[in-house]
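Enquirer: This one is model-v2.cif, mmCIF, C-alpha atoms.
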```cif
data_structure
#
loop_
_atom_site.group_PDB
_atom_site.id
_atom_site.type_symbol
_atom_site.label_atom_id
_atom_site.label_comp_id
_atom_site.auth_asym_id
_atom_site.auth_seq_id
_atom_site.Cartn_x
_atom_site.Cartn_y
_atom_site.Cartn_z
ATOM 1 C CA MET A 1 0.000 0.000 0.000
ATOM 2 C CA LYS A 2 1.160 3.505 -0.841
ATOM 3 C CA LEU A 3 0.494 6.330 1.618
ATOM 4 C CA GLY A 4 -0.361 9.641 -0.008
ATOM 5 C CA MET A 5 -1.968 12.942 0.915
ATOM 6 C CA MET A 6 -4.394 15.237 -0.863
ATOM 7 C CA LEU A 7 -2.385 18.427 -1.374
ATOM 8 C CA PRO A 8 -3.258 21.774 -2.948
ATOM 9 C CA VAL A 9 -2.177 22.157 -6.551
ATOM 10 C CA LYS A 10 -0.015 25.150 -5.595
ATOM 11 C CA PRO A 11 2.857 24.804 -3.087
ATOM 12 C CA ASP A 12 2.042 25.930 0.440
ATOM 13 C CA LEU A 13 2.634 24.990 4.074
ATOM 14 C CA GLN A 14 0.775 21.705 3.591
ATOM 15 C CA TRP A 15 3.411 20.579 1.110
ATOM 16 C CA GLN A 16 6.164 21.301 3.620
ATOM 17 C CA LEU A 17 4.360 19.484 6.425
ATOM 18 C CA ALA A 18 3.633 16.464 4.215
ATOM 19 C CA ALA A 19 7.305 16.273 3.270
ATOM 20 C CA GLN A 20 8.279 16.444 6.940
ATOM 21 C CA LEU A 21 5.917 13.532 7.624
ATOM 22 C CA GLY A 22 7.756 11.503 4.994
ATOM 23 C CA VAL A 23 4.855 11.388 2.550
ATOM 24 C CA LYS A 24 6.103 10.564 -0.948
ATOM 25 C CA TYR A 25 2.893 10.351 -2.972
ATOM 26 C CA ALA A 26 0.739 13.368 -3.754
ATOM 27 C CA VAL A 27 -2.870 13.579 -4.878
ATOM 28 C CA THR A 28 -4.227 16.858 -6.196
ATOM 29 C CA LYS A 29 -7.041 18.517 -8.090
ATOM 30 C CA ALA A 30 -5.588 20.471 -11.007
ATOM 31 C CA ALA A 31 -8.728 22.241 -12.207
ATOM 32 C CA PRO A 32 -8.071 25.698 -13.719
ATOM 33 C CA GLU A 33 -9.852 27.596 -10.949
ATOM 34 C CA LEU A 34 -7.337 26.112 -8.496
ATOM 35 C CA SER A 35 -4.167 25.934 -10.566
ATOM 36 C CA GLY A 36 -4.420 29.188 -12.510
ATOM 37 C CA LEU A 37 -3.425 27.112 -15.531
ATOM 38 C CA LYS A 38 -5.330 25.368 -18.283
ATOM 39 C CA ASP A 39 -7.062 22.110 -17.345
ATOM 40 C CA PRO A 40 -5.084 18.834 -17.463
ATOM 41 C CA SER A 41 -6.176 18.123 -21.038
ATOM 42 C CA ASP A 42 -3.407 20.622 -21.842
ATOM 43 C CA PHE A 43 -0.098 18.759 -21.670
ATOM 44 C CA ASP A 44 2.041 21.754 -20.744
ATOM 45 C CA ALA A 45 -0.282 22.770 -17.902
ATOM 46 C CA LEU A 46 -0.259 19.305 -16.363
ATOM 47 C CA LYS A 47 3.512 19.078 -16.811
ATOM 48 C CA VAL A 48 3.928 22.306 -14.825
ATOM 49 C CA VAL A 49 1.897 20.781 -11.987
ATOM 50 C CA ARG A 50 3.765 17.458 -12.116
ATOM 51 C CA ASP A 51 7.138 19.195 -12.158
ATOM 52 C CA ARG A 52 6.296 21.398 -9.160
ATOM 53 C CA PHE A 53 5.517 18.346 -7.088
ATOM 54 C CA ALA A 54 8.649 16.572 -8.299
ATOM 55 C CA GLU A 55 10.818 19.561 -7.352
ATOM 56 C CA ALA A 56 9.368 19.346 -3.832
ATOM 57 C CA GLY A 57 10.207 15.642 -3.584
ATOM 58 C CA PHE A 58 6.752 14.189 -4.297
ATOM 59 C CA GLU A 59 5.531 11.789 -6.925
ATOM 60 C CA LEU A 60 2.263 13.171 -8.252
ATOM 61 C CA TYR A 61 0.485 9.835 -8.262
ATOM 62 C CA ALA A 62 -3.156 10.813 -8.802
ATOM 63 C CA LEU A 63 -5.615 13.455 -9.845
ATOM 64 C CA GLU A 64 -8.875 13.554 -7.937
ATOM 65 C CA GLY A 65 -12.241 15.108 -8.738
ATOM 66 C CA ASP A 66 -13.704 16.853 -11.765
ATOM 67 C CA GLU A 67 -10.759 18.521 -13.490
ATOM 68 C CA PHE A 68 -13.100 20.509 -15.731
ATOM 69 C CA ASP A 69 -16.866 20.945 -16.037
ATOM 70 C CA MET A 70 -18.330 17.449 -16.403
ATOM 71 C CA SER A 71 -21.981 18.521 -16.552
ATOM 72 C CA ARG A 72 -22.533 17.709 -20.217
ATOM 73 C CA ILE A 73 -20.948 14.281 -19.803
ATOM 74 C CA LYS A 74 -22.870 13.337 -16.673
ATOM 75 C CA LEU A 75 -26.217 14.767 -17.806
ATOM 76 C CA GLY A 76 -25.897 13.582 -21.413
ATOM 77 C CA LEU A 77 -26.185 17.087 -22.856
ATOM 78 C CA PRO A 78 -25.192 18.320 -26.322
ATOM 79 C CA GLY A 79 -21.447 18.853 -26.442
ATOM 80 C CA ARG A 80 -20.558 15.856 -24.298
ATOM 81 C CA ASP A 81 -18.552 14.258 -27.113
ATOM 82 C CA GLU A 82 -16.292 17.324 -27.204
ATOM 83 C CA ASP A 83 -15.831 17.032 -23.445
ATOM 84 C CA LEU A 84 -15.108 13.317 -23.733
ATOM 85 C CA GLU A 85 -12.345 14.052 -26.224
ATOM 86 C CA LYS A 86 -10.898 16.503 -23.706
ATOM 87 C CA TYR A 87 -11.142 13.759 -21.058
ATOM 88 C CA ARG A 88 -9.241 11.352 -23.302
ATOM 89 C CA ARG A 89 -6.512 13.954 -23.849
ATOM 90 C CA MET A 90 -6.235 14.341 -20.082
ATOM 91 C CA LEU A 91 -5.785 10.581 -19.654
ATOM 92 C CA ARG A 92 -3.121 10.481 -22.378
ATOM 93 C CA ASN A 93 -1.294 13.386 -20.742
ATOM 94 C CA MET A 94 -1.421 11.647 -17.383
ATOM 95 C CA GLY A 95 0.117 8.542 -18.905
ATOM 96 C CA LYS A 96 2.898 10.483 -20.630
ATOM 97 C CA LEU A 97 3.723 12.308 -17.397
ATOM 98 C CA GLY A 98 3.682 9.235 -15.175
ATOM 99 C CA LEU A 99 0.479 9.900 -13.225
ATOM 100 C CA LYS A 100 -0.977 6.500 -12.471
ATOM 101 C CA LEU A 101 -4.454 7.087 -11.065
ATOM 102 C CA LEU A 102 -7.561 9.193 -11.631
ATOM 103 C CA CYS A 103 -10.128 9.284 -8.823
ATOM 104 C CA TYR A 104 -13.444 10.287 -10.372
ATOM 105 C CA ASN A 105 -17.126 10.323 -9.518
ATOM 106 C CA PHE A 106 -20.379 10.320 -11.441
ATOM 107 C CA MET A 107 -22.389 12.601 -9.171
ATOM 108 C CA ALA A 108 -24.465 14.766 -11.520
ATOM 109 C CA GLY A 109 -25.533 18.265 -10.556
ATOM 110 C CA VAL A 110 -24.506 17.980 -6.898
ATOM 111 C CA GLY A 111 -21.114 16.724 -5.765
ATOM 112 C CA TRP A 112 -20.222 15.575 -2.263
ATOM 113 C CA PHE A 113 -22.596 17.398 0.017
ATOM 114 C CA ARG A 114 -22.992 18.208 3.709
ATOM 115 C CA SER A 115 -25.805 20.037 5.471
ATOM 116 C CA ARG A 116 -23.612 21.097 8.429
ATOM 117 C CA ALA A 117 -19.967 21.928 9.054
ATOM 118 C CA ASP A 118 -20.160 22.937 12.719
ATOM 119 C CA LEU A 119 -20.917 19.719 14.591
ATOM 120 C CA PRO A 120 -18.866 19.217 17.784
ATOM 121 C CA GLU A 121 -16.303 16.417 17.828
ATOM 122 C CA ARG A 122 -13.829 15.387 20.488
ATOM 123 C CA GLY A 123 -12.323 18.249 22.473
ATOM 124 C CA GLY A 124 -14.362 20.905 20.730
ATOM 125 C CA ALA A 125 -13.144 20.146 17.211
ATOM 126 C CA LEU A 126 -15.739 20.880 14.527
ATOM 127 C CA THR A 127 -16.822 18.342 12.001
ATOM 128 C CA SER A 128 -19.234 18.071 9.106
ATOM 129 C CA GLY A 129 -22.375 16.017 8.766
ATOM 130 C CA PHE A 130 -25.429 15.344 6.679
ATOM 131 C CA ASP A 131 -29.049 15.281 7.790
ATOM 132 C CA LEU A 132 -31.649 14.790 5.075
ATOM 133 C CA ALA A 133 -34.268 16.348 7.362
ATOM 134 C CA GLU A 134 -32.319 19.630 7.374
ATOM 135 C CA ILE A 135 -32.592 20.242 3.635
ATOM 136 C CA ASP A 136 -35.476 20.858 1.254
ATOM 137 C CA ASN A 137 -35.239 17.786 -0.946
ATOM 138 C CA ASP A 138 -38.676 18.205 -2.494
ATOM 139 C CA VAL A 139 -37.272 19.398 -5.828
ATOM 140 C CA PRO A 140 -38.416 18.444 -9.359
ATOM 141 C CA LEU A 141 -36.311 15.613 -10.759
ATOM 142 C CA LYS A 142 -33.920 16.667 -13.523
ATOM 143 C CA ILE A 143 -32.603 13.230 -14.514
ATOM 144 C CA THR A 144 -33.672 9.661 -13.758
ATOM 145 C CA GLU A 145 -31.420 6.946 -12.405
ATOM 146 C CA GLU A 146 -31.659 4.921 -15.621
ATOM 147 C CA GLN A 147 -30.703 7.954 -17.693
ATOM 148 C CA LEU A 148 -27.713 8.434 -15.437
ATOM 149 C CA TRP A 149 -26.740 4.773 -15.836
ATOM 150 C CA GLU A 150 -26.949 5.167 -19.623
ATOM 151 C CA ASN A 151 -24.726 8.243 -19.452
ATOM 152 C CA TYR A 152 -22.238 6.436 -17.231
ATOM 153 C CA ALA A 153 -22.019 3.463 -19.603
ATOM 154 C CA TYR A 154 -21.518 5.860 -22.532
ATOM 155 C CA PHE A 155 -18.761 7.611 -20.577
ATOM 156 C CA LEU A 156 -16.936 4.345 -19.883
ATOM 157 C CA ARG A 157 -17.141 3.192 -23.499
ATOM 158 C CA ASN A 158 -15.559 6.454 -24.575
ATOM 159 C CA VAL A 159 -12.769 6.844 -22.022
ATOM 160 C CA LEU A 160 -11.638 3.415 -20.829
ATOM 161 C CA PRO A 161 -9.746 2.520 -24.029
ATOM 162 C CA ALA A 162 -7.724 5.736 -23.689
ATOM 163 C CA ALA A 163 -7.084 5.065 -19.986
ATOM 164 C CA GLU A 164 -5.950 1.531 -20.709
ATOM 165 C CA GLU A 165 -3.670 2.665 -23.524
ATOM 166 C CA ALA A 166 -2.163 5.347 -21.260
ATOM 167 C CA GLY A 167 -1.683 2.947 -18.349
ATOM 168 C CA VAL A 168 -3.908 5.051 -16.091
ATOM 169 C CA LYS A 169 -6.251 3.442 -13.580
ATOM 170 C CA MET A 170 -9.642 5.042 -12.963
ATOM 171 C CA GLY A 171 -11.089 4.614 -9.458
ATOM 172 C CA LEU A 172 -14.837 5.264 -9.194
ATOM 173 C CA HIS A 173 -15.852 7.074 -5.993
ATOM 174 C CA PRO A 174 -19.239 6.390 -4.340
ATOM 175 C CA ASP A 175 -21.947 9.017 -4.179
ATOM 176 C CA ASP A 176 -21.545 11.028 -0.990
ATOM 177 C CA PRO A 177 -24.004 11.082 0.655
ATOM 178 C CA PRO A 178 -25.438 7.882 -0.883
ATOM 179 C CA VAL A 179 -28.935 9.361 -1.173
ATOM 180 C CA SER A 180 -31.078 9.443 -4.322
ATOM 181 C CA PRO A 181 -32.456 11.805 -5.400
ATOM 182 C CA LEU A 182 -30.554 14.720 -3.879
ATOM 183 C CA LEU A 183 -31.675 18.289 -4.618
ATOM 184 C CA GLY A 184 -33.325 17.239 -7.851
ATOM 185 C CA TYR A 185 -30.620 14.918 -9.167
ATOM 186 C CA SER A 186 -30.729 11.142 -9.161
ATOM 187 C CA ARG A 187 -27.677 9.338 -7.847
ATOM 188 C CA ILE A 188 -26.763 5.814 -8.861
ATOM 189 C CA LEU A 189 -23.681 4.773 -6.885
ATOM 190 C CA THR A 190 -25.410 4.378 -3.549
ATOM 191 C CA SER A 191 -24.956 0.671 -2.725
ATOM 192 C CA ALA A 192 -22.627 -2.281 -3.139
ATOM 193 C CA ALA A 193 -25.088 -3.692 -5.690
ATOM 194 C CA ALA A 194 -24.682 -0.512 -7.725
ATOM 195 C CA PHE A 195 -20.915 -0.943 -7.677
ATOM 196 C CA ARG A 196 -21.271 -4.527 -8.830
ATOM 197 C CA ARG A 197 -23.368 -3.240 -11.731
ATOM 198 C CA ALA A 198 -20.795 -0.543 -12.498
ATOM 199 C CA MET A 199 -17.857 -2.963 -12.420
ATOM 200 C CA ALA A 200 -19.749 -5.393 -14.674
ATOM 201 C CA LEU A 201 -19.817 -2.750 -17.416
ATOM 202 C CA SER A 202 -16.165 -3.385 -18.266
ATOM 203 C CA SER A 203 -13.395 -5.798 -17.393
ATOM 204 C CA SER A 204 -10.718 -3.284 -18.396
ATOM 205 C CA PRO A 205 -7.716 -3.285 -16.033
ATOM 206 C CA SER A 206 -8.188 0.496 -15.856
ATOM 207 C CA HIS A 207 -11.717 0.178 -14.447
ATOM 208 C CA GLY A 208 -11.813 0.014 -10.666
ATOM 209 C CA ILE A 209 -12.906 1.560 -7.387
ATOM 210 C CA THR A 210 -12.019 4.326 -5.002
ATOM 211 C CA PHE A 211 -13.090 2.550 -1.829
ATOM 212 C CA CYS A 212 -14.319 5.349 0.416
ATOM 213 C CA GLN A 213 -14.922 3.253 3.501
ATOM 214 C CA ALA A 214 -17.245 5.723 5.227
ATOM 215 C CA SER A 215 -19.414 6.099 2.128
ATOM 216 C CA PHE A 216 -19.946 2.345 1.978
ATOM 217 C CA ARG A 217 -20.600 2.324 5.713
ATOM 218 C CA ALA A 218 -23.243 5.041 5.252
ATOM 219 C CA MET A 219 -24.910 2.772 2.705
ATOM 220 C CA GLY A 220 -25.287 0.182 5.460
ATOM 221 C CA GLU A 221 -22.771 -2.164 3.834
ATOM 222 C CA ASN A 222 -20.259 -4.412 5.581
ATOM 223 C CA VAL A 223 -16.908 -2.993 4.493
ATOM 224 C CA PHE A 224 -15.013 -6.018 5.799
ATOM 225 C CA GLU A 225 -16.914 -8.211 3.347
ATOM 226 C CA LEU A 226 -16.698 -5.775 0.440
ATOM 227 C CA ILE A 227 -12.931 -5.341 0.494
ATOM 228 C CA PRO A 228 -12.279 -9.061 -0.174
ATOM 229 C CA GLU A 229 -15.069 -9.084 -2.768
ATOM 230 C CA PHE A 230 -13.749 -6.138 -4.771
ATOM 231 C CA GLY A 231 -10.132 -7.066 -4.055
ATOM 232 C CA GLU A 232 -7.581 -5.686 -6.493
ATOM 233 C CA ARG A 233 -10.221 -3.643 -8.264
ATOM 234 C CA ILE A 234 -9.755 -1.294 -5.312
ATOM 235 C CA PHE A 235 -7.220 1.166 -6.701
ATOM 236 C CA PHE A 236 -7.567 3.834 -4.026
ATOM 237 C CA LEU A 237 -8.619 3.751 -0.371
ATOM 238 C CA HIS A 238 -10.090 6.863 1.245
ATOM 239 C CA PHE A 239 -9.486 6.429 4.962
ATOM 240 C CA ARG A 240 -12.239 8.100 6.989
ATOM 241 C CA ASP A 241 -15.039 7.169 9.377
ATOM 242 C CA ILE A 242 -18.553 8.293 10.257
ATOM 243 C CA THR A 243 -21.264 7.512 12.730
ATOM 244 C CA GLY A 244 -24.871 7.333 11.581
ATOM 245 C CA THR A 245 -26.778 6.277 8.478
ATOM 246 C CA ARG A 246 -27.115 7.432 4.884
ATOM 247 C CA THR A 247 -29.782 9.972 5.805
ATOM 248 C CA LYS A 248 -28.104 11.281 8.956
ATOM 249 C CA PHE A 249 -24.407 10.954 9.710
ATOM 250 C CA ARG A 250 -21.444 12.892 11.007
ATOM 251 C CA GLU A 251 -17.715 12.679 10.348
ATOM 252 C CA THR A 252 -15.436 11.532 13.166
ATOM 253 C CA PHE A 253 -11.772 11.521 13.973
ATOM 254 C CA HIS A 254 -10.255 8.371 12.506
ATOM 255 C CA ASP A 255 -9.829 6.801 15.936
ATOM 256 C CA ASN A 256 -13.163 7.993 17.305
ATOM 257 C CA GLY A 257 -15.703 6.250 15.083
ATOM 258 C CA PRO A 258 -17.380 2.839 15.103
ATOM 259 C CA THR A 259 -15.096 1.122 12.572
ATOM 260 C CA ASP A 260 -12.038 -0.889 13.602
ATOM 261 C CA MET A 261 -9.684 1.097 11.390
ATOM 262 C CA ALA A 262 -6.644 -1.043 12.158
ATOM 263 C CA GLU A 263 -8.561 -4.117 11.027
ATOM 264 C CA LEU A 264 -9.715 -2.183 7.967
ATOM 265 C CA LEU A 265 -6.141 -1.494 6.897
ATOM 266 C CA LYS A 266 -5.148 -5.071 7.648
ATOM 267 C CA THR A 267 -7.939 -6.307 5.375
ATOM 268 C CA ALA A 268 -7.096 -3.817 2.632
ATOM 269 C CA LYS A 269 -3.408 -4.714 2.806
ATOM 270 C CA GLU A 270 -4.313 -8.363 2.261
ATOM 271 C CA TYR A 271 -6.796 -7.962 -0.584
ATOM 272 C CA ALA A 272 -5.734 -4.707 -2.282
ATOM 273 C CA PRO A 273 -2.016 -4.558 -1.496
ATOM 274 C CA ASP A 274 -1.075 -2.215 -4.334
ATOM 275 C CA CYS A 275 -3.700 0.450 -3.709
ATOM 276 C CA LEU A 276 -3.009 4.080 -2.907
ATOM 277 C CA LEU A 277 -4.213 5.180 0.522
ATOM 278 C CA ARG A 278 -4.908 8.646 1.879
ATOM 279 C CA PRO A 279 -6.668 10.179 4.906
ATOM 280 C CA ASP A 280 -9.902 11.992 4.151
ATOM 281 C CA HIS A 281 -12.487 14.330 5.742
ATOM 282 C CA THR A 282 -10.905 15.279 9.037
ATOM 283 C CA PRO A 283 -12.437 17.577 11.679
ATOM 284 C CA ARG A 284 -11.371 21.200 12.003
ATOM 285 C CA MET A 285 -9.089 21.489 15.022
ATOM 286 C CA ALA A 286 -8.280 24.339 17.406
ATOM 287 C CA GLY A 287 -6.887 27.449 15.749
ATOM 288 C CA GLU A 288 -7.844 26.453 12.205
ATOM 289 C CA THR A 289 -9.746 28.985 10.143
ATOM 290 C CA GLY A 290 -10.513 29.022 6.436
ATOM 291 C CA GLY A 291 -9.917 26.080 4.152
ATOM 292 C CA SER A 292 -12.391 23.558 2.832
ATOM 293 C CA THR A 293 -14.488 21.508 5.230
ATOM 294 C CA GLY A 294 -12.725 18.198 5.866
ATOM 295 C CA TYR A 295 -9.444 19.319 4.324
ATOM 296 C CA THR A 296 -7.822 21.540 6.923
ATOM 297 C CA ILE A 297 -4.336 20.333 7.722
ATOM 298 C CA LEU A 298 -4.104 19.470 11.447
ATOM 299 C CA GLY A 299 -6.559 16.593 11.308
ATOM 300 C CA ASN A 300 -4.810 15.254 8.229
ATOM 301 C CA LEU A 301 -1.476 15.356 10.042
ATOM 302 C CA PHE A 302 -2.961 13.372 12.924
ATOM 303 C CA ALA A 303 -4.564 10.906 10.500
ATOM 304 C CA THR A 304 -1.344 10.407 8.553
ATOM 305 C CA GLY A 305 0.557 9.579 11.726
ATOM 306 C CA TYR A 306 -2.261 7.266 12.800
ATOM 307 C CA ILE A 307 -2.114 5.432 9.468
ATOM 308 C CA ARG A 308 1.671 5.157 9.647
ATOM 309 C CA GLY A 309 1.456 3.626 13.096
ATOM 310 C CA ILE A 310 -1.053 1.004 11.940
ATOM 311 C CA LEU A 311 0.963 0.146 8.831
ATOM 312 C CA ASP A 312 4.138 -0.217 10.882
ATOM 313 C CA ALA A 313 2.329 -2.508 13.308
ATOM 314 C CA LEU A 314 1.042 -4.620 10.416
ATOM 315 C CA LYS A 315 4.614 -5.179 9.241
ATOM 316 C CA GLN A 316 5.307 -6.946 12.530
ATOM 317 C CA GLN A 317 2.432 -9.407 12.117
#
```
Would you write the structure of this file as structure tokens?

Expert:
Amino acid sequence: MKLGMMLPVKPDLQWQLAAQLGVKYAVTKAAPELSGLKDPSDFDALKVVRDRFAEAGFELYALEGDEFDMSRIKLGLPGRDEDLEKYRRMLRNMGKLGLKLLCYNFMAGVGWFRSRADLPERGGALTSGFDLAEIDNDVPLKITEEQLWENYAYFLRNVLPAAEEAGVKMGLHPDDPPVSPLLGYSRILTSAAAFRRAMALSSSPSHGITFCQASFRAMGENVFELIPEFGERIFFLHFRDITGTRTKFRETFHDNGPTDMAELLKTAKEYAPDCLLRPDHTPRMAGETGGSTGYTILGNLFATGYIRGILDALKQQ
């Protein structure tokens, strides 16, 4: 297993702290609004990003998230074929530049979503959560689940050959929260059965899973059964935990939730030994202001040390 961290696309204090922790693998989102460059379908722009990480001692292993507007692809709108060609160029550029993994989702209209970001965690830390009862979800439906499945299958047919040729693995992230519909948009990746359906669409070695443990837990699934089932199709492990259900849950510190996280890593190490691993969605700790919910640095530093300790212990077993 390879330990990485989600780092901003531009160098900052988080890069320095990650290097001091001994992290070698970087994950980033290189969308233009974050990088100030063209999107990664432009070779020179992605090379600038890759080279910056390399100069700081990191291997830029993965891109994560929508690197440009994916609305036409996900919603099946006119112009999606142009966007799919851009997506293929991005995959080819990743391959040429040595980036090995793309973490992507197929959440249309609404991405990962929380209704609160001020819930108290241990010691007064603040964490995020979702409560379906807190939002107005009585919104006209803009796309059906079957239409979304058709669009997803069309997407795979058009991009997987390019990913395979480039040697890039694509890890599909679950819908977060796994609720359908959400704010007028159907969501299809809300259960283990849905992931079985998604994986059955192609046997390409580039077609796999970003196993976000807490998302599968929110679905009510048994993650300790799913990891052996999906096995080496798990390309990426998002290490986080929650308490609650799909309609009402809250994030926790990694050692303060209901999941045996040491056993989780032991299971993943056995059945998906080559996957990339990173901490995800940590609470906001004392003194932290600004930054995106779940991605402030102190909790990620704690989580990285926690993961390192577990992995070192597993070496002794």

Enquirer: On this structure, the PyMOL selection byres ((chain A and resi 168-181) around 7) would catch which residues? List them as a ChimeraX atom specification, sorted by chain and number.

Expert: /A:91,95,100-105,107,112-113,163-164,166-167,182-187,189-190,206-212,215,219,235-236,246

Enquirer: Keeping C-alpha atoms for every residue in the selection just given, could you write it to a file as a compact mmCIF listing (two decimals), in the frame of the given file?

Expert:
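Writing the result to part_22.txt gives the following:
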```txt
# COMPACT_ATOMS: atom_id res chain seq x y z
CA LEU A 91 -5.78 10.58 -19.65
CA GLY A 95 0.12 8.54 -18.90
CA LYS A 100 -0.98 6.50 -12.47
CA LEU A 101 -4.45 7.09 -11.06
CA LEU A 102 -7.56 9.19 -11.63
CA CYS A 103 -10.13 9.28 -8.82
CA TYR A 104 -13.44 10.29 -10.37
CA ASN A 105 -17.13 10.32 -9.52
CA MET A 107 -22.39 12.60 -9.17
CA TRP A 112 -20.22 15.58 -2.26
CA PHE A 113 -22.60 17.40 0.02
CA ALA A 163 -7.08 5.07 -19.99
CA GLU A 164 -5.95 1.53 -20.71
CA ALA A 166 -2.16 5.35 -21.26
CA GLY A 167 -1.68 2.95 -18.35
CA LEU A 182 -30.55 14.72 -3.88
CA LEU A 183 -31.68 18.29 -4.62
CA GLY A 184 -33.33 17.24 -7.85
CA TYR A 185 -30.62 14.92 -9.17
CA SER A 186 -30.73 11.14 -9.16
CA ARG A 187 -27.68 9.34 -7.85
CA LEU A 189 -23.68 4.77 -6.88
CA THR A 190 -25.41 4.38 -3.55
CA SER A 206 -8.19 0.50 -15.86
CA HIS A 207 -11.72 0.18 -14.45
CA GLY A 208 -11.81 0.01 -10.67
CA ILE A 209 -12.91 1.56 -7.39
CA THR A 210 -12.02 4.33 -5.00
CA PHE A 211 -13.09 2.55 -1.83
CA CYS A 212 -14.32 5.35 0.42
CA SER A 215 -19.41 6.10 2.13
CA MET A 219 -24.91 2.77 2.70
CA PHE A 235 -7.22 1.17 -6.70
CA PHE A 236 -7.57 3.83 -4.03
CA ARG A 246 -27.12 7.43 4.88
```

Enquirer: Might you spell out which residues the PyMOL selection byres ((chain A and resi 148-154) around 9) would select in the displayed file, as a VMD selection string?

Expert: chain A and resid 73 to 76 106 108 143 to 147 155 to 159 186 to 188 198 201

Enquirer: May I ask which of the residues A:Ile297, A:Leu46, A:Met261, A:Ala192 is the closest one to A:Leu311, counting only C-alpha atoms?

Expert: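 Comparing A:Ile297, A:Leu46, A:Met261, A:Ala192 against A:Leu311, the winner is A:Met261.
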
Enquirer: Which residues are close to A:Phe130, i.e. within 10 Å by all atoms listed in the file, leaving aside same-chain residues fewer than 6 positions away? Reply as a PyMOL selection string.

Expert: chain A and resi 113-117+176-177+244-251

Enquirer: From the options A:Leu97, A:Ala19, A:Leu237, A:Ala286, which residue's atoms come nearest to A:Pro40, counting only C-alpha atoms?

Expert: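 Closest to A:Pro40, using only C-alpha atoms: A:Leu97.
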
Enquirer: Expand the PyMOL selection byres ((chain A and resi 276) around 7) into the individual residues it matches in the shown file, reporting them as a ChimeraX atom specification.

Expert: /A:1-4,235-237,274-275,277-278

Enquirer: How many Å lie between atom CA of A:Pro32 and atom CA of A:Met70, rounded to one decimal?

Expert: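 Value for the atom CA of A:Pro32-atom CA of A:Met70 distance: 13.4 Å.
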
Enquirer: Quick one, how far is atom CA of A:Gly22 from atom CA of A:Met5?

Expert: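 Interatomic distance, atom CA of A:Gly22 to atom CA of A:Met5: 10.6 Å.
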
Enquirer: What gap, in Å, lies between atom CA of A:His238 and atom CA of A:Leu126?

Expert: 20.1 Å

Enquirer: Residues within 12 Å of A:Val48, please, as a ChimeraX atom specification. Count only C-alpha atoms; anything in the same chain fewer than 4 positions from it doesn't count.

Expert: /A:9-10,30,35-40,42-44,52-55,60,93,97

Enquirer: Identify, on the basis of only C-alpha atoms, every residue whose closest approach to A:His254 does not exceed 10 Å; exclude the query and any residue fewer than 6 positions from it along the same chain; express the result as a PyMOL selection string.

Expert: chain A and resi 239-242+260-261+279-283+299-300+302-304+306-307

Enquirer: Out of A:Asp69, A:Glu59, A:Glu33, A:Asp118, which residue has the shortest atom-to-atom distance to A:Met285 when counting only C-alpha atoms?

Expert: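 For A:Met285, the nearest of the candidates is A:Asp118.
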
Enquirer: In terms of the shortest atom-to-atom distance over only C-alpha atoms, which of A:Glu134, A:Glu225, A:Asp12, A:Asp66 is closest to A:Tyr87?

Expert: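 Checking each of A:Glu134, A:Glu225, A:Asp12, A:Asp66 against A:Tyr87, counting only C-alpha atoms, the winner is A:Asp66.
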
Enquirer: Using all atoms listed in the file for the distances, tell me which of A:Asp255, A:Glu270, A:Glu165, A:Glu221 is nearest to A:Arg92.

Expert: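 Residue with the minimum atom-to-atom distance to A:Arg92: A:Glu165.
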
Enquirer: Counting all atoms listed in the file, which of A:Ala218, A:Ala125, A:Val27, A:Ala162 gets nearest to A:Glu288?

Expert: A:Ala125
